[in-house]
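Student: I am attaching a structure below and will ask some questions about it afterwards.
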Amino acid sequence: METGFVLPDLDSEDSAEFWAGCRRGELLVQACEGCGRWRFPPRPMCPHCQSVALHWVPTSGRASVWSFVVAHPPLLPAYAELAPYNVIVVTLDQDPTIRMVGNLVTSAAGPINEVDPETIRVGEPVRVVFATVEDVALPRWVRTDPG
Amino acid sequence: MTSPLRDQVAIVGIGQTSYGKGLADSELSLACQAIVAALADCGIPAGDVDGLASFTMELNREVDVARNVGLGDITFFSQVGYGGGAGCGAVLQAAMAIAAGQCRVAVAWRARKRAAKSSRPWAQVPRRLDDHWQWSRPFGLLRPVDEVAMLTRRYMHEYGATRDHLANVALAFRKHANRNPVATMHDKPLSREQYLDARWISEPLCLFDNCLETDGALAVVLVGADRAVDLPRRPVYVHSGAQGLPRQHQTMINYFNHDPLEGPSWAAARQLWRGAEFGPADVKVAQIYDAFSPLVPLSLEGYGFCERGEGGPFTDGGALEWPDGRLPTNTSGGGMSEAYVHGFNLVLEGVRQMRGTSTSQVEGADTCLVTSGEGVPTSALLLRN
């Protein structure tokens, strides 16, 4: 069903594996075969050692809030209906140099406007959940220590 | 070694259309009118123009501009990428082309009809993304203001910057606009209370942290310093210039490197000051790209007017305000209160300050910094008279 959300192209060259992982419930990042370092967003070459050999590794899905915003209109219609809603950037526990954009929710299926924005704190711990939107599984985040 | 660019090329003509929303003329017509006005300002015939520079986002092609204005054979033409980061870069590339002998009379310009709702790029997002926007937009981080708000929250968290600091920026530029008859906000004063009570757009940013939406066009004419002294206006020399695309930078959603708050300004600044014979303390007036208010404290840090994290407190005590602030900034009102034409109006205000013709003229100003977008691969100029 068309939701009006902006969504990733699941077939794009560098990122298809990431989105396929999300559909399996795994939060993947690229790991360089040359130097072992992780990188995100996905790309074909390691900027540290220039290797193009890579594999995908599942992360623990544990992270903390690095920053957040609360979006208000004007917005695209599907998003305006949910406004005000939060958008967060998290930093992964296993590699704090890796950050991802997402939303803070109360459950995988919960809407992005359910958490009271006044309660969101930079640094609070979260873990990944996967929300189904059309044919996409979007990584979102719930508090590991609710309340 | 002295930079081969230093003071070798001057801006000798400036021209612009009126500002508005929903102007009747086409973007092409506006571009041509601004260029003709700039040529008239310096008395150079259109047929002498042999160099052109603008933005990759400029919709008017060089061929169309040249055919309408009646320009000569064009031997240098260039476009600079990354939206609001391009303005000073276009002027810089035109100056470099003259200094390198690739053209003799160059025009740099920007024309934009931004005010139509349909022209807002973020509102035209395709529903399926295969580029880097797939890492932010599906989560509702849709607009430039959201992307900058994310960095702003972190900036506030790390350094204690406050909404009062951002209000200092908005209020200073509005005061300057109130003195500038062509500024969009000329007749609209802004109080701190109005700022603090304004509706949110993307928390922590409110309405008055955002730039205007403006139709209009502006152009500058550049020639070599030897020719500049024979022209009617006081020459304004390109003392130094730089572009900056820092390592591991991702445009706008710059969350994926080791230090997202050290933006492109830092990279541009290192090259800018390397090419200059003076430093930040010698700059008397600045035009700093202000699509969003927090870009100003970040840029103040990046260009070396204060230390890292001190950009917020720097704005206290009217520091950005004409006439007595320690660095009067955006003296025409800037993108937030004069007009938002992708920052190109900042270049023209820098020229007016060096000519002594600003509506908020800084007394004795002999150097001016002009910057383009922070948060995107950027560019900057040091002007002197």
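Going through the structure tokens in order, the chains are called A, B, and so on, while each chain numbers its residues from 1 and the ligands are numbered from 1 in the order shown.
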Per residue of chain B within 10 Å of chain A, which atom pair is closest and at what distance in Å (one decimal), using only C-alpha atoms, listed by chain and increasing number, as CSV?
Tutor:
residue,atom,partner,partner_atom,distance
B:Trp122,CA,A:Leu76,CA,8.7
B:Ala123,CA,A:Leu76,CA,6.6
B:Gln124,CA,A:Leu76,CA,9.2
B:Val125,CA,A:Val6,CA,7.6
B:Pro126,CA,A:Val6,CA,7.2
B:Arg127,CA,A:Val6,CA,4.7
B:Arg128,CA,A:Asp9,CA,5.0
B:Leu129,CA,A:Pro8,CA,4.6
B:Asp130,CA,A:Asp9,CA,5.1
B:Asp131,CA,A:Ser12,CA,8.2
B:His132,CA,A:Pro41,CA,8.0
B:Trp133,CA,A:Pro8,CA,8.4
B:Gln134,CA,A:Pro8,CA,5.1
B:Trp135,CA,A:Val101,CA,6.5
B:Ser136,CA,A:Val101,CA,5.6
B:Arg137,CA,A:Val6,CA,6.4
B:Pro138,CA,A:Val6,CA,4.9
B:Phe139,CA,A:Gly102,CA,5.5
B:Gly140,CA,A:Tyr79,CA,6.6
B:Leu141,CA,A:Val87,CA,6.5
B:Leu142,CA,A:Leu75,CA,7.6
B:Arg143,CA,A:Leu75,CA,8.1
B:Val145,CA,A:Ala71,CA,9.2
B:Asp146,CA,A:Ala71,CA,6.9
B:Glu147,CA,A:Val69,CA,8.8
B:Val148,CA,A:Val69,CA,9.5
B:Ala149,CA,A:Val69,CA,6.2
B:Met150,CA,A:Phe68,CA,5.6
B:Leu151,CA,A:Ser67,CA,7.4
B:Thr152,CA,A:Ser67,CA,8.7
B:Arg153,CA,A:Ser67,CA,6.0
B:Arg154,CA,A:Ser67,CA,5.3
B:Tyr155,CA,A:Ser67,CA,9.1
B:Met156,CA,A:Ser67,CA,9.9
B:His157,CA,A:Val122,CA,7.5
B:Glu158,CA,A:Val122,CA,9.9
B:Arg199,CA,A:His72,CA,8.8
B:Trp200,CA,A:His72,CA,6.3
B:Ile201,CA,A:His72,CA,5.0
B:Ser202,CA,A:Ala71,CA,4.4
B:Glu203,CA,A:Val70,CA,4.9
B:Pro204,CA,A:Val69,CA,6.7
B:Leu205,CA,A:Val69,CA,8.8
B:Cys206,CA,A:His72,CA,9.5
B:Arg247,CA,A:Pro47,CA,9.9
B:Gln248,CA,A:Pro47,CA,8.5
B:Ile253,CA,A:Val101,CA,9.3
B:Tyr255,CA,A:Arg99,CA,6.6
B:Phe256,CA,A:Arg99,CA,5.8
B:Asn257,CA,A:Thr97,CA,6.8
B:His258,CA,A:Thr97,CA,5.9
B:Asp259,CA,A:Thr97,CA,8.9
Student: Go ahead and write the residues just picked, C-alpha atoms, as an mmCIF file, in the first residue's frame.
Tutor:
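Below is the file that was written, result.cif:
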data_model
loop_
_atom_site.group_PDB
_atom_site.id
_atom_site.type_symbol
_atom_site.label_atom_id
_atom_site.label_comp_id
_atom_site.auth_asym_id
_atom_site.auth_seq_id
_atom_site.Cartn_x
_atom_site.Cartn_y
_atom_site.Cartn_z
ATOM 1 C CA TRP B 122 12.616 19.162 -0.469
ATOM 2 C CA ALA B 123 8.976 19.064 -1.547
ATOM 3 C CA GLN B 124 9.887 17.339 -4.797
ATOM 4 C CA VAL B 125 11.584 14.317 -3.281
ATOM 5 C CA PRO B 126 11.049 11.132 -5.268
ATOM 6 C CA ARG B 127 9.283 8.464 -3.262
ATOM 7 C CA ARG B 128 12.143 5.960 -3.661
ATOM 8 C CA LEU B 129 15.677 7.112 -2.927
ATOM 9 C CA ASP B 130 18.827 5.440 -4.208
ATOM 10 C CA ASP B 131 21.295 8.156 -3.160
ATOM 11 C CA HIS B 132 22.564 9.319 0.225
ATOM 12 C CA TRP B 133 19.200 10.804 1.154
ATOM 13 C CA GLN B 134 17.989 7.248 1.816
ATOM 14 C CA TRP B 135 19.857 7.449 5.140
ATOM 15 C CA SER B 136 17.839 10.399 6.451
ATOM 16 C CA ARG B 137 14.645 11.249 4.601
ATOM 17 C CA PRO B 138 12.700 8.023 5.236
ATOM 18 C CA PHE B 139 12.807 8.929 8.931
ATOM 19 C CA GLY B 140 11.200 12.303 8.327
ATOM 20 C CA LEU B 141 14.397 14.350 8.240
ATOM 21 C CA LEU B 142 13.100 15.960 5.079
ATOM 22 C CA ARG B 143 14.188 19.578 4.854
ATOM 23 C CA VAL B 145 16.139 22.996 8.372
ATOM 24 C CA ASP B 146 15.770 19.518 9.888
ATOM 25 C CA GLU B 147 19.274 18.563 8.835
ATOM 26 C CA VAL B 148 20.774 21.699 10.362
ATOM 27 C CA ALA B 149 18.577 21.437 13.482
ATOM 28 C CA MET B 150 20.131 18.015 14.167
ATOM 29 C CA LEU B 151 23.615 19.540 14.235
ATOM 30 C CA THR B 152 22.324 22.494 16.250
ATOM 31 C CA ARG B 153 20.940 20.304 19.029
ATOM 32 C CA ARG B 154 24.276 18.546 19.282
ATOM 33 C CA TYR B 155 26.098 21.886 19.215
ATOM 34 C CA MET B 156 23.931 23.157 22.073
ATOM 35 C CA HIS B 157 24.538 19.932 23.987
ATOM 36 C CA GLU B 158 28.320 19.979 23.590
ATOM 37 C CA ARG B 199 6.403 28.749 16.049
ATOM 38 C CA TRP B 200 8.751 25.827 15.778
ATOM 39 C CA ILE B 201 9.885 24.584 12.396
ATOM 40 C CA SER B 202 12.300 21.916 13.549
ATOM 41 C CA GLU B 203 13.156 22.062 17.234
ATOM 42 C CA PRO B 204 15.474 23.560 18.365
ATOM 43 C CA LEU B 205 14.984 25.915 15.377
ATOM 44 C CA CYS B 206 12.011 28.277 15.087
ATOM 45 C CA ARG B 247 37.520 14.905 4.427
ATOM 46 C CA GLN B 248 34.687 12.438 4.979
ATOM 47 C CA ILE B 253 23.529 15.259 6.630
ATOM 48 C CA TYR B 255 26.595 12.996 10.704
ATOM 49 C CA PHE B 256 28.901 10.235 9.540
ATOM 50 C CA ASN B 257 32.417 11.529 10.209
ATOM 51 C CA HIS B 258 34.495 11.805 13.353
ATOM 52 C CA ASP B 259 33.458 15.374 14.115
#
Student: Using only C-alpha atoms, which protein or nucleic acid residues come within 12 Å of B:Gly241? Drop anything in the same chain fewer than 4 positions from it, and give the result as a PyMOL selection string.
Tutor: chain B and resi 3-9+87-96+237+268-276+368-372+378-384
Student: Any chance you can output those residues with N, CA and C atoms as a CSV table (one decimal), in the first residue's frame?
Tutor:
chain,number,residue,atom,x,y,z
B,3,SER,N,50.3,34.4,-2.9
B,3,SER,CA,49.3,33.8,-3.7
B,3,SER,C,49.3,34.5,-5.1
B,4,PRO,N,49.3,33.8,-6.2
B,4,PRO,CA,49.2,34.5,-7.5
B,4,PRO,C,47.8,35.1,-7.7
B,5,LEU,N,46.9,34.9,-6.9
B,5,LEU,CA,45.6,35.5,-7.0
B,5,LEU,C,45.5,36.8,-6.3
B,6,ARG,N,46.3,37.0,-5.3
B,6,ARG,CA,46.1,38.1,-4.3
B,6,ARG,C,46.0,39.5,-5.0
B,7,ASP,N,44.9,40.1,-4.9
B,7,ASP,CA,44.6,41.5,-5.3
B,7,ASP,C,44.8,41.7,-6.8
B,8,GLN,N,44.9,40.6,-7.6
B,8,GLN,CA,45.1,40.7,-9.0
B,8,GLN,C,43.9,40.9,-9.8
B,9,VAL,N,42.7,40.7,-9.2
B,9,VAL,CA,41.4,40.8,-9.9
B,9,VAL,C,40.5,41.6,-9.0
B,87,GLY,N,28.4,30.3,-4.0
B,87,GLY,CA,28.4,31.7,-4.4
B,87,GLY,C,29.8,32.3,-4.5
B,88,CYS,N,30.5,32.2,-3.4
B,88,CYS,CA,31.9,32.7,-3.4
B,88,CYS,C,32.8,31.9,-4.3
B,89,GLY,N,32.5,30.6,-4.5
B,89,GLY,CA,33.3,29.8,-5.4
B,89,GLY,C,33.1,30.2,-6.8
B,90,ALA,N,31.9,30.6,-7.2
B,90,ALA,CA,31.7,31.1,-8.6
B,90,ALA,C,32.5,32.4,-8.8
B,91,VAL,N,32.5,33.3,-7.8
B,91,VAL,CA,33.3,34.5,-8.0
B,91,VAL,C,34.8,34.2,-8.0
B,92,LEU,N,35.2,33.3,-7.1
B,92,LEU,CA,36.6,32.9,-7.0
B,92,LEU,C,37.0,32.3,-8.4
B,93,GLN,N,36.2,31.4,-8.9
B,93,GLN,CA,36.6,30.7,-10.2
B,93,GLN,C,36.7,31.8,-11.3
B,94,ALA,N,35.8,32.7,-11.3
B,94,ALA,CA,35.9,33.8,-12.3
B,94,ALA,C,37.2,34.6,-12.1
B,95,ALA,N,37.5,34.9,-10.9
B,95,ALA,CA,38.8,35.6,-10.6
B,95,ALA,C,40.0,34.8,-11.0
B,96,MET,N,40.0,33.5,-10.7
B,96,MET,CA,41.1,32.7,-11.0
B,96,MET,C,41.3,32.6,-12.6
B,237,TYR,N,39.0,44.5,-4.5
B,237,TYR,CA,39.9,43.4,-4.9
B,237,TYR,C,39.6,42.1,-4.2
B,268,ALA,N,37.8,25.5,4.3
B,268,ALA,CA,37.9,26.6,3.4
B,268,ALA,C,38.8,27.7,4.1
B,269,ALA,N,38.6,27.8,5.4
B,269,ALA,CA,39.3,28.9,6.1
B,269,ALA,C,40.8,28.7,6.1
B,270,ARG,N,41.3,27.4,6.2
B,270,ARG,CA,42.7,27.2,6.2
B,270,ARG,C,43.3,27.7,4.9
B,271,GLN,N,42.7,27.4,3.8
B,271,GLN,CA,43.2,27.9,2.5
B,271,GLN,C,43.0,29.4,2.3
B,272,LEU,N,41.9,29.9,2.8
B,272,LEU,CA,41.6,31.3,2.7
B,272,LEU,C,42.7,32.2,3.4
B,273,TRP,N,43.0,31.8,4.6
B,273,TRP,CA,44.0,32.6,5.4
B,273,TRP,C,45.4,32.4,4.9
B,274,ARG,N,45.6,31.1,4.3
B,274,ARG,CA,47.0,30.9,3.7
B,274,ARG,C,47.2,31.9,2.6
B,275,GLY,N,46.2,32.3,1.9
B,275,GLY,CA,46.3,33.1,0.8
B,275,GLY,C,46.3,34.6,1.1
B,276,ALA,N,46.1,34.9,2.4
B,276,ALA,CA,45.9,36.3,2.8
B,276,ALA,C,47.1,36.9,3.5
B,368,CYS,N,36.7,42.7,4.1
B,368,CYS,CA,35.4,42.1,4.3
B,368,CYS,C,35.6,40.6,4.0
B,369,LEU,N,35.1,39.8,5.0
B,369,LEU,CA,34.9,38.3,4.7
B,369,LEU,C,33.5,38.1,4.1
B,370,VAL,N,33.5,37.3,3.1
B,370,VAL,CA,32.2,36.8,2.6
B,370,VAL,C,32.2,35.3,2.5
B,371,THR,N,31.2,34.6,3.1
B,371,THR,CA,31.2,33.2,3.1
B,371,THR,C,30.0,32.6,2.4
B,372,SER,N,30.1,31.4,1.9
B,372,SER,CA,29.0,30.7,1.4
B,372,SER,C,28.6,29.6,2.3
B,378,THR,N,31.8,24.2,0.5
B,378,THR,CA,31.6,25.7,0.6
B,378,THR,C,32.7,26.5,-0.1
B,379,SER,N,32.6,27.8,0.1
B,379,SER,CA,33.6,28.7,-0.4
B,379,SER,C,33.6,30.0,0.3
B,380,ALA,N,34.6,30.8,0.2
B,380,ALA,CA,34.7,32.1,0.9
B,380,ALA,C,35.6,33.0,0.1
B,381,LEU,N,35.4,34.3,0.4
B,381,LEU,CA,36.2,35.3,-0.3
B,381,LEU,C,36.7,36.3,0.8
B,382,LEU,N,37.9,36.8,0.7
B,382,LEU,CA,38.3,38.0,1.4
B,382,LEU,C,38.4,39.2,0.4
B,383,LEU,N,37.6,40.2,0.6
B,383,LEU,CA,37.6,41.4,-0.2
B,383,LEU,C,38.4,42.5,0.5
B,384,ARG,N,39.0,43.4,-0.3
B,384,ARG,CA,39.7,44.6,0.3
B,384,ARG,C,39.5,45.7,-0.8
Student: Write down as a ChimeraX atom specification the residues belonging to chain A that are assigned helix (DSSP H, G or I) by DSSP computed on the backbone.
Tutor: /A:16-23,77-80,117-119
Student: Selected residues, N, CA and C atoms, written as a PDB file, in the first residue's frame, please.
Tutor:
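Result written to again-v3.pdb:
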ATOM      1  N   ALA A  16      21.591  -2.306  -1.002  1.00  0.00           N
ATOM      2  CA  ALA A  16      20.549  -3.354  -1.020  1.00  0.00           C
ATOM      3  C   ALA A  16      20.735  -4.329   0.140  1.00  0.00           C
ATOM      4  N   GLU A  17      21.982  -4.662   0.441  1.00  0.00           N
ATOM      5  CA  GLU A  17      22.257  -5.636   1.499  1.00  0.00           C
ATOM      6  C   GLU A  17      21.834  -5.095   2.867  1.00  0.00           C
ATOM      7  N   PHE A  18      22.040  -3.802   3.063  1.00  0.00           N
ATOM      8  CA  PHE A  18      21.625  -3.195   4.339  1.00  0.00           C
ATOM      9  C   PHE A  18      20.120  -3.350   4.537  1.00  0.00           C
ATOM     10  N   TRP A  19      19.377  -3.002   3.487  1.00  0.00           N
ATOM     11  CA  TRP A  19      17.915  -3.032   3.611  1.00  0.00           C
ATOM     12  C   TRP A  19      17.399  -4.467   3.678  1.00  0.00           C
ATOM     13  N   ALA A  20      18.084  -5.394   2.994  1.00  0.00           N
ATOM     14  CA  ALA A  20      17.707  -6.810   3.098  1.00  0.00           C
ATOM     15  C   ALA A  20      17.928  -7.291   4.531  1.00  0.00           C
ATOM     16  N   GLY A  21      19.026  -6.836   5.147  1.00  0.00           N
ATOM     17  CA  GLY A  21      19.293  -7.181   6.544  1.00  0.00           C
ATOM     18  C   GLY A  21      18.181  -6.690   7.458  1.00  0.00           C
ATOM     19  N   CYS A  22      17.741  -5.483   7.248  1.00  0.00           N
ATOM     20  CA  CYS A  22      16.656  -4.933   8.069  1.00  0.00           C
ATOM     21  C   CYS A  22      15.411  -5.821   7.966  1.00  0.00           C
ATOM     22  N   ARG A  23      15.150  -6.333   6.778  1.00  0.00           N
ATOM     23  CA  ARG A  23      13.952  -7.179   6.615  1.00  0.00           C
ATOM     24  C   ARG A  23      14.089  -8.504   7.368  1.00  0.00           C
ATOM     25  N   PRO A  77       2.856  15.639   3.081  1.00  0.00           N
ATOM     26  CA  PRO A  77       1.580  15.316   3.741  1.00  0.00           C
ATOM     27  C   PRO A  77       1.628  14.130   4.709  1.00  0.00           C
ATOM     28  N   ALA A  78       2.269  13.027   4.315  1.00  0.00           N
ATOM     29  CA  ALA A  78       2.265  11.845   5.182  1.00  0.00           C
ATOM     30  C   ALA A  78       2.980  12.128   6.492  1.00  0.00           C
ATOM     31  N   TYR A  79       3.984  12.989   6.432  1.00  0.00           N
ATOM     32  CA  TYR A  79       4.740  13.335   7.634  1.00  0.00           C
ATOM     33  C   TYR A  79       4.017  14.422   8.438  1.00  0.00           C
ATOM     34  N   ALA A  80       3.384  15.347   7.714  1.00  0.00           N
ATOM     35  CA  ALA A  80       2.663  16.426   8.396  1.00  0.00           C
ATOM     36  C   ALA A  80       1.569  15.856   9.303  1.00  0.00           C
ATOM     37  N   PRO A 117       8.451  14.448  23.185  1.00  0.00           N
ATOM     38  CA  PRO A 117       9.765  15.010  22.841  1.00  0.00           C
ATOM     39  C   PRO A 117      10.484  15.634  24.027  1.00  0.00           C
ATOM     40  N   GLU A 118       9.709  16.120  24.998  1.00  0.00           N
ATOM     41  CA  GLU A 118      10.316  16.767  26.167  1.00  0.00           C
ATOM     42  C   GLU A 118      11.155  15.782  26.969  1.00  0.00           C
ATOM     43  N   THR A 119      10.905  14.493  26.791  1.00  0.00           N
ATOM     44  CA  THR A 119      11.612  13.490  27.602  1.00  0.00           C
ATOM     45  C   THR A 119      12.863  12.950  26.908  1.00  0.00           C
TER      46      THR A 119
END
Student: How far is it from atom CA of B:Ser299 to atom CA of B:Gly343, in Å with one decimal?
Tutor: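 Between atom CA of B:Ser299 and atom CA of B:Gly343 the gap is 14.0 Å.
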Student: For B:Ala228, list every protein, DNA or RNA residue within 12 Å, evaluated using only C-alpha atoms, and leave out those in the same chain fewer than 4 positions away; present the list as JSON, numbers by chain.
Tutor: {"B": [7, 8, 9, 10, 11, 12, 13, 42, 43, 44, 104, 105, 221, 222, 223, 224, 232, 233, 234, 235, 236, 237, 238, 385]}
Student: Find the distance between atom CA of B:Thr251 and atom CA of B:Ala267 and write it in Å to one decimal.
Tutor: 13.8 Å
Student: Do you have the atom CA of A:Val65-atom CA of A:Glu124 distance handy?
Tutor: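 A separation of 5.4 Å between them.
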Student: Taking only chain A into account, list the residues labelled strand (DSSP E or B) by DSSP (computed from the backbone), as a PyMOL selection string.
Tutor: chain A and resi 7-8+28-32+38-39+54-58+62-71+85-92+99-102+104+125-133+136-143
Student: Might you pull out every residue within 12 Å of B:Ala339, with only C-alpha atoms counted and same-chain residues fewer than 5 positions away left off, and present them as a PyMOL selection string?
Tutor: chain B and resi 16-21+112-115+173-174+177+180-186+210-218+289-291+330+332-334+344-346+348-349
